[in-house]
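Student: Quick one: the structure is below, and I'll ask about it shortly.
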Amino acid sequence: MWGTSHTVPSAARSPRGAPSGPAPSPETEPPGVGQNGRVSSSAFSFTLGKRLRETAPVAAEARVEANGGGFQGRTGTISTPHGEIKTPAFIAVGTKATVKAVLPESVAELGAQAVLANAYHLYLQPGPDILDEAGGLGKFMNWSGPTFTDSGGFQVMSLGAGFKKVINMNADGTTHATGADDDVAPGKERLAHIDDDGVWFKSHLNGDKHRFSPEISMQVQHKIGADIMFAFDELTTLMNSRGYQEMSLERTRLWALRCLAEHERLTKERAGKPYQALFGVLQGAQYEDLRRKAARDLGAMDFDGFGLGGAFEKENLGTIVRWCTEELPENKPRHLLGISEPDDIFTAIENGADTFDCVSPTRVARNSAFYTPYGRKNLSNSKFKKDFGPLVDGCDCYTCTNYTRAYIQHLFKSNEMVSHTLISIHNERFTVKLVDDARLAIEDGSFFDFKAEVLGKYYSA
């Protein structure tokens, strides 16, 4: 089922054009079902490429001093029914079946290999039945490459506690109806209520009451039709007590088993559809024993890959990722949910994350912020009013090859929405290319030199 090798096809350092991969081979049986009616995932695979510790060896004492353990980074190839993903890879976020302000054609041109949509938002609007009838997420949004959907668990929990698009990670500005385990944003009511079977929640759009369970999440995601989806899990924060973290971890483990069972049932029932891979999600917050337990428990299950989720303090990101990847099977991909800062990207890669996603490139673009090799800058600054150069000299993105800082600043100051589009294209390209170059640096043995050069410039200010 899983092939491994120590070579991976080379890729251009600055990929252009739409994601491409081999067309799915003709099936002698209905896709997704193999002999004797058992579920077959032959349309999905991960091929291991080169290991960082082999291509760019670092002295053992340096590894321990830097991170407390050996580096887990590697390259690889994820094969899906809609194409390949060369890893490590940054996955562009298309929350509501769109990368905000950017056409799918532009997302492909800037080199993104895949997009990730949000099951919670698509469930509420337009509804999974619409996407199913349209032929799935990719056809619905005119994206021909691989697609991901998360389970909706993050949004149910974070929006349900009144924290909007982020989950609370500290004790400041919170109220505790029943202590830290029931943390609610100030002035907000709790919209999500969890039990062992699932979660009741109110829509943030109109207040309607809905139910998510492992089975419902699988049903919703199967209808959305992404190539890779995630098991339904309970998101906790760093504020939750140790006792609650333990209880939640067991709940997520039991939900993972239910997700697998429902996934198998739906794959058989929908045998004419392309196979959808299912990733288990690891929780455990800041506790090493809980993270390792989650990795061992889910790693022993028949998942196609794994998501590293939950609360991460920035300074402990690499250590927590390493705890997980040291326990997980090496022949399955790992996705780290929600990071995009350059230092976090390198930390995630060297500790074994294969793919990751974040809304930050387009979110900051809507506030006129753009990425450069020397840090993030804000285009609303008056010094750019007469600056007729590109956002970044030498950048090959559509925006930088066609428009000036002065013009885009004018658009932003005039509240013209196309400013969001132009800056978003640049920011996505910057992030995608950074990860692509890191992948190639692993392959040619220059990863640590490349990391030092990039971070030295980016944080020089």
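Labeling convention for the structure tokens: chains A, B, ... as they appear, residues from 1 per chain, ligands from 1 in order of appearance.
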Residues at most 10 Å from stretch 308-314 of chain A, counting only C-alpha atoms, excluding those fewer than 3 positions away in the same chain, as an NGL selection string?

Tutor: :A and (154 or 167-170 or 233-239 or 279-286 or 291 or 295 or 317-321 or 324-325 or 334-338 or 343-344 or 347 or 353 or 356)

Student: Write down as number ranges by chain the residues of stretch 300-384 of chain A whose backbone DSSP state falls under helix (DSSP H, G or I).

Tutor: A: 314-327, 342-350, 360-365, 382-384

Student: Which residue gives the smallest distance to A:Leu440 among A:Gly299, A:Gly49, A:Gly272, A:Gly70, with only C-alpha atoms counted?

Tutor: A:Gly49

Student: Report as a list in words all protein, DNA and RNA residues lying within 12 Å of A:Val454, evaluated on only C-alpha atoms, omitting residues in the same chain fewer than 4 positions from it.

Tutor: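 Those residues are Glu341, Pro342, Asp343, Ile345, Phe346, Thr372, Pro373, Tyr374, Gly375, Leu434, Val435, Asp437, Ala438, Ala441, Phe447, Phe448, Asp449, Phe450, Tyr458, Tyr459 and Ser460 of chain A.
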
Student: Show me a table, sorted first by chain and then by increasing residue number, of the residues of stretch 272-304 of chain A having an atom at most 12 Å from stretch 78-84 of chain A, each with its shortest atom pair and the distance in Å to one decimal, counting only C-alpha atoms and written as a Markdown table.

Tutor:
```
| residue | atom | partner | partner_atom | distance |
| --- | --- | --- | --- | --- |
| A:Lys273 | CA | A:Pro81 | CA | 10.1 |
| A:Pro274 | CA | A:Pro81 | CA | 6.3 |
| A:Tyr275 | CA | A:Pro81 | CA | 7.0 |
| A:Gln276 | CA | A:Thr80 | CA | 8.3 |
| A:Ala277 | CA | A:Thr80 | CA | 8.3 |
| A:Leu278 | CA | A:Thr80 | CA | 11.8 |
| A:Asp304 | CA | A:Ile78 | CA | 10.5 |
```

Student: What would the file look like if the residues just selected were written as a PDB file, in the first residue's frame with N, CA and C atoms?

Tutor:
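Result file out_13.pdb:
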```pdb
ATOM      1  N   LYS A 273     -16.915   7.432  -6.655  1.00  0.00           N
ATOM      2  CA  LYS A 273     -16.185   8.692  -6.431  1.00  0.00           C
ATOM      3  C   LYS A 273     -14.694   8.411  -6.267  1.00  0.00           C
ATOM      4  N   PRO A 274     -13.829   9.396  -6.565  1.00  0.00           N
ATOM      5  CA  PRO A 274     -12.392   9.230  -6.296  1.00  0.00           C
ATOM      6  C   PRO A 274     -12.147   8.981  -4.807  1.00  0.00           C
ATOM      7  N   TYR A 275     -11.128   8.198  -4.510  1.00  0.00           N
ATOM      8  CA  TYR A 275     -10.829   7.892  -3.112  1.00  0.00           C
ATOM      9  C   TYR A 275     -10.416   9.162  -2.370  1.00  0.00           C
ATOM     10  N   GLN A 276     -10.936   9.306  -1.136  1.00  0.00           N
ATOM     11  CA  GLN A 276     -10.578  10.425  -0.267  1.00  0.00           C
ATOM     12  C   GLN A 276      -9.767   9.896   0.901  1.00  0.00           C
ATOM     13  N   ALA A 277      -8.555  10.417   1.052  1.00  0.00           N
ATOM     14  CA  ALA A 277      -7.690   9.996   2.151  1.00  0.00           C
ATOM     15  C   ALA A 277      -8.159  10.623   3.450  1.00  0.00           C
ATOM     16  N   LEU A 278      -7.979   9.904   4.557  1.00  0.00           N
ATOM     17  CA  LEU A 278      -8.379  10.391   5.876  1.00  0.00           C
ATOM     18  C   LEU A 278      -7.158  10.477   6.775  1.00  0.00           C
ATOM     19  N   ASP A 304      -4.549   7.361   6.600  1.00  0.00           N
ATOM     20  CA  ASP A 304      -3.685   7.580   5.439  1.00  0.00           C
ATOM     21  C   ASP A 304      -2.564   8.567   5.741  1.00  0.00           C
TER      22      ASP A 304
END
```
